[in-house]
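Notes for the one structure printed next.
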Amino acid sequence: MPTFGNKPEAHGPTVSVSIVYSGQDLNNSIHRPERCLPAQGHQGLRIRDVVLQVTPPGADKPREITCKEIKSFTLTANTEEASLKHVHYYFFIGNDRLCHSHWSRTFLDIWDRMVKGKSQSWAYLQVGSYWGGGTGVDEQTAEKAAQEIISEIAGRQIIWDKIKN
């Protein structure tokens with residue numbers, strides 16, 4: 001059985017989940033993690049778009065959602081070789097749309113507020129995991145665990161009939 005430090009790891013790699021709801025003030029609302037991860041010690045951010053398969057309960061076929069994937073590392077012993085490697089997946093959920101781009105979400109939010117007179121009331125879903133640094137977890141295992149959790153949450157919590165895109 002793999003271990004994390006001295007603790008037996010019973011269920012697979014550690015996965016973190018963050019769900020943040022937006023406020024009415026655009027300037028003090030949710031933001032992209034690229035903005036705060038460096039302040040938390042994350043270095044070497046590599047960012048790309050990824051498409052994940054989500055199967056809502058009772059659906060005939062899977063849905064695709066595009067997420068941002070961020071890979072980074074945090075130093076644990078002042079060397080990159082001994083560091084923890086991290087992967088984060090995130091996207092934004094509105095009342096009737098999904099968006100993986102902070103800039104697109106901002107534009108859509110402004111448009112909806114000014115032209116349509118409505119707020120999307122965005123939520124931000126981020127799921128992450130890590131490997132290396134003596135965890136006994138490899139990159140593929142950490143990625144798979146995070147992707148499975150984000151697919152499970154998105155499949156069950158999004159009202160797919162309302163989503164336009």
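Here's how to read the names in the structure tokens: chain A, B, ... by the order shown, residue numbers from 1 in each chain, ligand numbers from 1 in the order shown.
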
Any idea what's packed within 10 Å of Ile163 (chain A), counting only C-alpha atoms, ignoring anything in its chain fewer than 2 positions away? Could you give it as a PyMOL selection string?
chain A and resi 93-98+158-161+165

Can you pull out every residue within 9 Å of region 63-71 of chain A, counting only C-alpha atoms, but drop anything in the same chain fewer than 5 positions away, and send it as a tab-separated table (two decimals) with N, CA, C and O atoms, in the first residue's frame?
chain	number	residue	atom	x	y	z
A	33	PRO	N	-7.30	30.77	-10.85
A	33	PRO	CA	-6.26	30.34	-9.91
A	33	PRO	C	-4.85	30.75	-10.32
A	33	PRO	O	-3.96	30.81	-9.46
A	34	GLU	N	-4.63	31.07	-11.59
A	34	GLU	CA	-3.31	31.54	-12.01
A	34	GLU	C	-2.91	32.78	-11.21
A	34	GLU	O	-1.73	33.08	-11.08
A	44	GLY	N	6.43	27.53	-11.77
A	44	GLY	CA	6.47	26.89	-13.07
A	44	GLY	C	5.11	26.54	-13.65
A	44	GLY	O	4.95	25.47	-14.22
A	45	LEU	N	4.14	27.42	-13.50
A	45	LEU	CA	2.80	27.14	-13.99
A	45	LEU	C	2.79	26.88	-15.50
A	45	LEU	O	3.33	27.68	-16.27
A	46	ARG	N	2.21	25.75	-15.88
A	46	ARG	CA	2.00	25.40	-17.29
A	46	ARG	C	0.49	25.23	-17.47
A	46	ARG	O	-0.13	24.43	-16.77
A	47	ILE	N	-0.07	25.96	-18.41
A	47	ILE	CA	-1.53	26.03	-18.54
A	47	ILE	C	-1.93	25.60	-19.94
A	47	ILE	O	-1.32	26.00	-20.93
A	48	ARG	N	-2.99	24.79	-20.01
A	48	ARG	CA	-3.53	24.39	-21.30
A	48	ARG	C	-5.01	24.04	-21.13
A	48	ARG	O	-5.48	23.83	-20.02
A	49	ASP	N	-5.71	23.97	-22.25
A	49	ASP	CA	-7.11	23.56	-22.26
A	49	ASP	C	-7.16	22.04	-22.42
A	49	ASP	O	-6.39	21.48	-23.22
A	50	VAL	N	-8.06	21.39	-21.69
A	50	VAL	CA	-8.29	19.95	-21.84
A	50	VAL	C	-9.79	19.71	-21.91
A	50	VAL	O	-10.57	20.45	-21.32
A	51	VAL	N	-10.17	18.67	-22.63
A	51	VAL	CA	-11.58	18.29	-22.74
A	51	VAL	C	-11.78	17.03	-21.93
A	51	VAL	O	-11.06	16.04	-22.11
A	52	LEU	N	-12.76	17.06	-21.02
A	52	LEU	CA	-13.08	15.91	-20.19
A	52	LEU	C	-14.47	15.40	-20.54
A	52	LEU	O	-15.36	16.17	-20.90
A	53	GLN	N	-14.65	14.09	-20.41
A	53	GLN	CA	-15.95	13.47	-20.64
A	53	GLN	C	-16.73	13.43	-19.33
A	53	GLN	O	-16.19	13.04	-18.30
A	54	VAL	N	-17.98	13.83	-19.38
A	54	VAL	CA	-18.86	13.84	-18.22
A	54	VAL	C	-20.14	13.12	-18.62
A	54	VAL	O	-20.74	13.44	-19.64
A	55	THR	N	-20.54	12.14	-17.83
A	55	THR	CA	-21.79	11.44	-18.11
A	55	THR	C	-22.79	11.75	-17.01
A	55	THR	O	-22.69	11.21	-15.90
A	56	PRO	N	-23.75	12.64	-17.29
A	56	PRO	CA	-24.78	12.93	-16.30
A	56	PRO	C	-25.63	11.67	-16.03
A	56	PRO	O	-25.81	10.85	-16.93
A	85	LYS	N	4.59	17.78	-7.35
A	85	LYS	CA	4.05	18.24	-8.63
A	85	LYS	C	2.53	18.28	-8.47
A	85	LYS	O	1.94	17.40	-7.86
A	86	HIS	N	1.92	19.31	-9.03
A	86	HIS	CA	0.48	19.52	-8.86
A	86	HIS	C	-0.22	19.60	-10.20
A	86	HIS	O	0.35	20.07	-11.18
A	87	VAL	N	-1.48	19.17	-10.23
A	87	VAL	CA	-2.36	19.38	-11.37
A	87	VAL	C	-3.68	19.92	-10.83
A	87	VAL	O	-4.18	19.46	-9.80
A	88	HIS	N	-4.18	20.95	-11.49
A	88	HIS	CA	-5.48	21.55	-11.15
A	88	HIS	C	-6.30	21.63	-12.42
A	88	HIS	O	-5.78	21.97	-13.49
A	89	TYR	N	-7.59	21.32	-12.31
A	89	TYR	CA	-8.53	21.50	-13.41
A	89	TYR	C	-9.61	22.46	-12.92
A	89	TYR	O	-10.08	22.34	-11.79
A	90	TYR	N	-10.00	23.40	-13.77
A	90	TYR	CA	-11.07	24.29	-13.36
A	90	TYR	C	-11.89	24.76	-14.54
A	90	TYR	O	-11.45	24.75	-15.68
A	91	PHE	N	-13.13	25.17	-14.22
A	91	PHE	CA	-14.00	25.84	-15.17
A	91	PHE	C	-15.06	26.59	-14.38
A	91	PHE	O	-15.20	26.41	-13.17
A	92	PHE	N	-15.79	27.44	-15.09
A	92	PHE	CA	-16.82	28.27	-14.48
A	92	PHE	C	-18.19	27.77	-14.93
A	92	PHE	O	-18.36	27.39	-16.09
A	98	LEU	N	-21.38	27.12	-19.59
A	98	LEU	CA	-20.10	26.75	-18.98
A	98	LEU	C	-19.01	27.54	-19.68
A	98	LEU	O	-19.14	27.85	-20.87
A	99	CYS	N	-17.93	27.82	-18.98
A	99	CYS	CA	-16.85	28.60	-19.56
A	99	CYS	C	-15.55	28.20	-18.86
A	99	CYS	O	-15.51	28.09	-17.65
A	100	HIS	N	-14.50	27.98	-19.63
A	100	HIS	CA	-13.22	27.63	-19.02
A	100	HIS	C	-12.22	28.78	-19.07
A	100	HIS	O	-11.13	28.66	-18.53
A	101	SER	N	-12.60	29.87	-19.68
A	101	SER	CA	-11.70	31.01	-19.81
A	101	SER	C	-12.15	32.15	-18.90
A	101	SER	O	-13.30	32.59	-18.97
A	151	SER	N	-15.39	15.04	-13.10
A	151	SER	CA	-16.45	14.47	-13.93
A	151	SER	C	-17.65	14.05	-13.09
A	151	SER	O	-18.80	14.27	-13.49
A	154	ALA	N	-19.38	17.39	-11.82
A	154	ALA	CA	-20.03	18.09	-12.93
A	154	ALA	C	-21.21	17.29	-13.47
A	154	ALA	O	-22.26	17.85	-13.79
A	155	GLY	N	-21.05	15.99	-13.55
A	155	GLY	CA	-22.13	15.15	-14.07
A	155	GLY	C	-23.38	15.21	-13.22
A	155	GLY	O	-24.50	15.20	-13.74

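Considering only C-alpha atoms, the residue among A:Ser104, A:Gln147, A:Gln120, A:Thr74 positioned nearest to Gly132 (chain A) is A:Thr74.
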
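The gap separating CA of Ser22 (chain A) from CA of Lys162 (chain A) is 18.8 Å, in Å to one decimal.
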
Members of region 61-152 of chain A assigned helix (DSSP H, G or I) by DSSP, as a PyMOL selection string:
chain A and resi 80-82+102-116+139-152

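Note that the spacing between CA of Phe73 (chain A) and CA of His42 (chain A) amounts to 5.5 Å.
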
Skip Ser121 (chain A) itself and residues of its chain fewer than 2 positions away, then list as a ChimeraX atom specification all residues within 12 Å of it, counting only C-alpha atoms.
/A:20-26,29-30,92-98,105-106,108-110,112-113,118-119,123-124

From a DSSP pass on the backbone, collect the residues of region 48-145 of chain A flagged as strand (DSSP E or B) and hand them back as a PDB file with N, CA and C atoms, in the first residue's frame.
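What ended up in part.pdb:
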ATOM      1  N   ARG A  48      -2.985  24.787 -20.007  1.00  0.00           N
ATOM      2  CA  ARG A  48      -3.532  24.387 -21.303  1.00  0.00           C
ATOM      3  C   ARG A  48      -5.008  24.039 -21.134  1.00  0.00           C
ATOM      4  N   ASP A  49      -5.714  23.972 -22.254  1.00  0.00           N
ATOM      5  CA  ASP A  49      -7.110  23.556 -22.256  1.00  0.00           C
ATOM      6  C   ASP A  49      -7.164  22.041 -22.420  1.00  0.00           C
ATOM      7  N   VAL A  50      -8.056  21.389 -21.685  1.00  0.00           N
ATOM      8  CA  VAL A  50      -8.286  19.953 -21.841  1.00  0.00           C
ATOM      9  C   VAL A  50      -9.787  19.713 -21.905  1.00  0.00           C
ATOM     10  N   VAL A  51     -10.168  18.672 -22.631  1.00  0.00           N
ATOM     11  CA  VAL A  51     -11.576  18.291 -22.738  1.00  0.00           C
ATOM     12  C   VAL A  51     -11.779  17.027 -21.929  1.00  0.00           C
ATOM     13  N   LEU A  52     -12.758  17.060 -21.018  1.00  0.00           N
ATOM     14  CA  LEU A  52     -13.080  15.906 -20.189  1.00  0.00           C
ATOM     15  C   LEU A  52     -14.470  15.395 -20.538  1.00  0.00           C
ATOM     16  N   GLN A  53     -14.654  14.093 -20.415  1.00  0.00           N
ATOM     17  CA  GLN A  53     -15.949  13.466 -20.643  1.00  0.00           C
ATOM     18  C   GLN A  53     -16.728  13.429 -19.332  1.00  0.00           C
ATOM     19  N   VAL A  54     -17.983  13.834 -19.383  1.00  0.00           N
ATOM     20  CA  VAL A  54     -18.863  13.841 -18.223  1.00  0.00           C
ATOM     21  C   VAL A  54     -20.143  13.117 -18.619  1.00  0.00           C
ATOM     22  N   ARG A  63     -21.196  13.998 -22.086  1.00  0.00           N
ATOM     23  CA  ARG A  63     -21.043  15.388 -22.503  1.00  0.00           C
ATOM     24  C   ARG A  63     -19.560  15.712 -22.415  1.00  0.00           C
ATOM     25  N   GLU A  64     -19.118  16.681 -23.190  1.00  0.00           N
ATOM     26  CA  GLU A  64     -17.739  17.148 -23.113  1.00  0.00           C
ATOM     27  C   GLU A  64     -17.711  18.510 -22.444  1.00  0.00           C
ATOM     28  N   ILE A  65     -16.774  18.693 -21.526  1.00  0.00           N
ATOM     29  CA  ILE A  65     -16.553  20.015 -20.945  1.00  0.00           C
ATOM     30  C   ILE A  65     -15.076  20.356 -21.133  1.00  0.00           C
ATOM     31  N   THR A  66     -14.840  21.602 -21.460  1.00  0.00           N
ATOM     32  CA  THR A  66     -13.470  22.076 -21.581  1.00  0.00           C
ATOM     33  C   THR A  66     -13.078  22.716 -20.263  1.00  0.00           C
ATOM     34  N   CYS A  67     -11.923  22.314 -19.760  1.00  0.00           N
ATOM     35  CA  CYS A  67     -11.384  22.843 -18.503  1.00  0.00           C
ATOM     36  C   CYS A  67     -10.010  23.441 -18.767  1.00  0.00           C
ATOM     37  N   LYS A  68      -9.588  24.311 -17.886  1.00  0.00           N
ATOM     38  CA  LYS A  68      -8.184  24.721 -17.856  1.00  0.00           C
ATOM     39  C   LYS A  68      -7.456  23.692 -17.002  1.00  0.00           C
ATOM     40  N   GLU A  69      -6.305  23.299 -17.466  1.00  0.00           N
ATOM     41  CA  GLU A  69      -5.424  22.437 -16.683  1.00  0.00           C
ATOM     42  C   GLU A  69      -4.192  23.253 -16.328  1.00  0.00           C
ATOM     43  N   ILE A  70      -3.851  23.266 -15.062  1.00  0.00           N
ATOM     44  CA  ILE A  70      -2.633  23.950 -14.612  1.00  0.00           C
ATOM     45  C   ILE A  70      -1.745  22.912 -13.945  1.00  0.00           C
ATOM     46  N   LYS A  71      -0.515  22.832 -14.402  1.00  0.00           N
ATOM     47  CA  LYS A  71       0.481  21.994 -13.729  1.00  0.00           C
ATOM     48  C   LYS A  71       1.525  22.920 -13.123  1.00  0.00           C
ATOM     49  N   SER A  72       1.978  22.568 -11.929  1.00  0.00           N
ATOM     50  CA  SER A  72       2.954  23.392 -11.219  1.00  0.00           C
ATOM     51  C   SER A  72       3.740  22.497 -10.265  1.00  0.00           C
ATOM     52  N   PHE A  73       4.657  23.099  -9.542  1.00  0.00           N
ATOM     53  CA  PHE A  73       5.360  22.362  -8.497  1.00  0.00           C
ATOM     54  C   PHE A  73       5.552  23.278  -7.298  1.00  0.00           C
ATOM     55  N   THR A  74       5.658  22.652  -6.136  1.00  0.00           N
ATOM     56  CA  THR A  74       5.996  23.367  -4.905  1.00  0.00           C
ATOM     57  C   THR A  74       7.223  22.696  -4.314  1.00  0.00           C
ATOM     58  N   LEU A  84       6.814  18.571  -4.787  1.00  0.00           N
ATOM     59  CA  LEU A  84       5.511  18.012  -5.134  1.00  0.00           C
ATOM     60  C   LEU A  84       5.088  18.615  -6.466  1.00  0.00           C
ATOM     61  N   LYS A  85       4.592  17.778  -7.352  1.00  0.00           N
ATOM     62  CA  LYS A  85       4.051  18.235  -8.631  1.00  0.00           C
ATOM     63  C   LYS A  85       2.534  18.277  -8.474  1.00  0.00           C
ATOM     64  N   HIS A  86       1.915  19.312  -9.026  1.00  0.00           N
ATOM     65  CA  HIS A  86       0.475  19.516  -8.859  1.00  0.00           C
ATOM     66  C   HIS A  86      -0.220  19.602 -10.204  1.00  0.00           C
ATOM     67  N   VAL A  87      -1.483  19.169 -10.225  1.00  0.00           N
ATOM     68  CA  VAL A  87      -2.362  19.378 -11.367  1.00  0.00           C
ATOM     69  C   VAL A  87      -3.680  19.921 -10.829  1.00  0.00           C
ATOM     70  N   HIS A  88      -4.183  20.946 -11.489  1.00  0.00           N
ATOM     71  CA  HIS A  88      -5.478  21.552 -11.149  1.00  0.00           C
ATOM     72  C   HIS A  88      -6.299  21.630 -12.422  1.00  0.00           C
ATOM     73  N   TYR A  89      -7.586  21.324 -12.307  1.00  0.00           N
ATOM     74  CA  TYR A  89      -8.535  21.498 -13.405  1.00  0.00           C
ATOM     75  C   TYR A  89      -9.606  22.460 -12.918  1.00  0.00           C
ATOM     76  N   TYR A  90      -9.996  23.404 -13.767  1.00  0.00           N
ATOM     77  CA  TYR A  90     -11.074  24.294 -13.358  1.00  0.00           C
ATOM     78  C   TYR A  90     -11.894  24.765 -14.542  1.00  0.00           C
ATOM     79  N   PHE A  91     -13.128  25.167 -14.223  1.00  0.00           N
ATOM     80  CA  PHE A  91     -13.999  25.838 -15.172  1.00  0.00           C
ATOM     81  C   PHE A  91     -15.063  26.586 -14.383  1.00  0.00           C
ATOM     82  N   PHE A  92     -15.788  27.443 -15.090  1.00  0.00           N
ATOM     83  CA  PHE A  92     -16.825  28.269 -14.479  1.00  0.00           C
ATOM     84  C   PHE A  92     -18.192  27.770 -14.933  1.00  0.00           C
ATOM     85  N   ILE A  93     -19.164  27.809 -14.016  1.00  0.00           N
ATOM     86  CA  ILE A  93     -20.516  27.352 -14.292  1.00  0.00           C
ATOM     87  C   ILE A  93     -21.463  28.529 -14.079  1.00  0.00           C
ATOM     88  N   LEU A  98     -21.378  27.119 -19.586  1.00  0.00           N
ATOM     89  CA  LEU A  98     -20.098  26.747 -18.975  1.00  0.00           C
ATOM     90  C   LEU A  98     -19.013  27.535 -19.684  1.00  0.00           C
ATOM     91  N   CYS A  99     -17.935  27.815 -18.978  1.00  0.00           N
ATOM     92  CA  CYS A  99     -16.853  28.596 -19.559  1.00  0.00           C
ATOM     93  C   CYS A  99     -15.552  28.202 -18.865  1.00  0.00           C
ATOM     94  N   ALA A 123     -20.336  30.099 -10.677  1.00  0.00           N
ATOM     95  CA  ALA A 123     -19.628  29.288  -9.689  1.00  0.00           C
ATOM     96  C   ALA A 123     -18.339  28.841 -10.367  1.00  0.00           C
ATOM     97  N   TYR A 124     -17.341  28.600  -9.560  1.00  0.00           N
ATOM     98  CA  TYR A 124     -16.038  28.172 -10.056  1.00  0.00           C
ATOM     99  C   TYR A 124     -15.774  26.818  -9.413  1.00  0.00           C
ATOM    100  N   LEU A 125     -15.456  25.821 -10.214  1.00  0.00           N
ATOM    101  CA  LEU A 125     -15.138  24.487  -9.714  1.00  0.00           C
ATOM    102  C   LEU A 125     -13.699  24.175 -10.055  1.00  0.00           C
ATOM    103  N   GLN A 126     -12.915  23.861  -9.034  1.00  0.00           N
ATOM    104  CA  GLN A 126     -11.518  23.482  -9.227  1.00  0.00           C
ATOM    105  C   GLN A 126     -11.268  22.185  -8.481  1.00  0.00           C
ATOM    106  N   VAL A 127     -10.615  21.259  -9.162  1.00  0.00           N
ATOM    107  CA  VAL A 127     -10.227  19.983  -8.566  1.00  0.00           C
ATOM    108  C   VAL A 127      -8.743  19.790  -8.830  1.00  0.00           C
ATOM    109  N   GLY A 128      -8.006  19.393  -7.812  1.00  0.00           N
ATOM    110  CA  GLY A 128      -6.568  19.220  -7.968  1.00  0.00           C
ATOM    111  C   GLY A 128      -6.039  18.006  -7.238  1.00  0.00           C
ATOM    112  N   SER A 129      -4.854  17.592  -7.620  1.00  0.00           N
ATOM    113  CA  SER A 129      -4.156  16.495  -6.960  1.00  0.00           C
ATOM    114  C   SER A 129      -2.653  16.737  -7.101  1.00  0.00           C
ATOM    115  N   TYR A 130      -1.856  15.840  -6.520  1.00  0.00           N
ATOM    116  CA  TYR A 130      -0.404  15.990  -6.596  1.00  0.00           C
ATOM    117  C   TYR A 130       0.284  14.638  -6.584  1.00  0.00           C
ATOM    118  N   TRP A 131       1.556  14.651  -6.979  1.00  0.00           N
ATOM    119  CA  TRP A 131       2.369  13.447  -7.033  1.00  0.00           C
ATOM    120  C   TRP A 131       3.816  13.821  -6.769  1.00  0.00           C
TER     121      TRP A 131
END

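With only C-alpha atoms as the atoms that count, the residue of A:Val115, A:Lys144, A:Ile19, A:His31 with the shortest distance to Gln157 (chain A) is A:Ile19.
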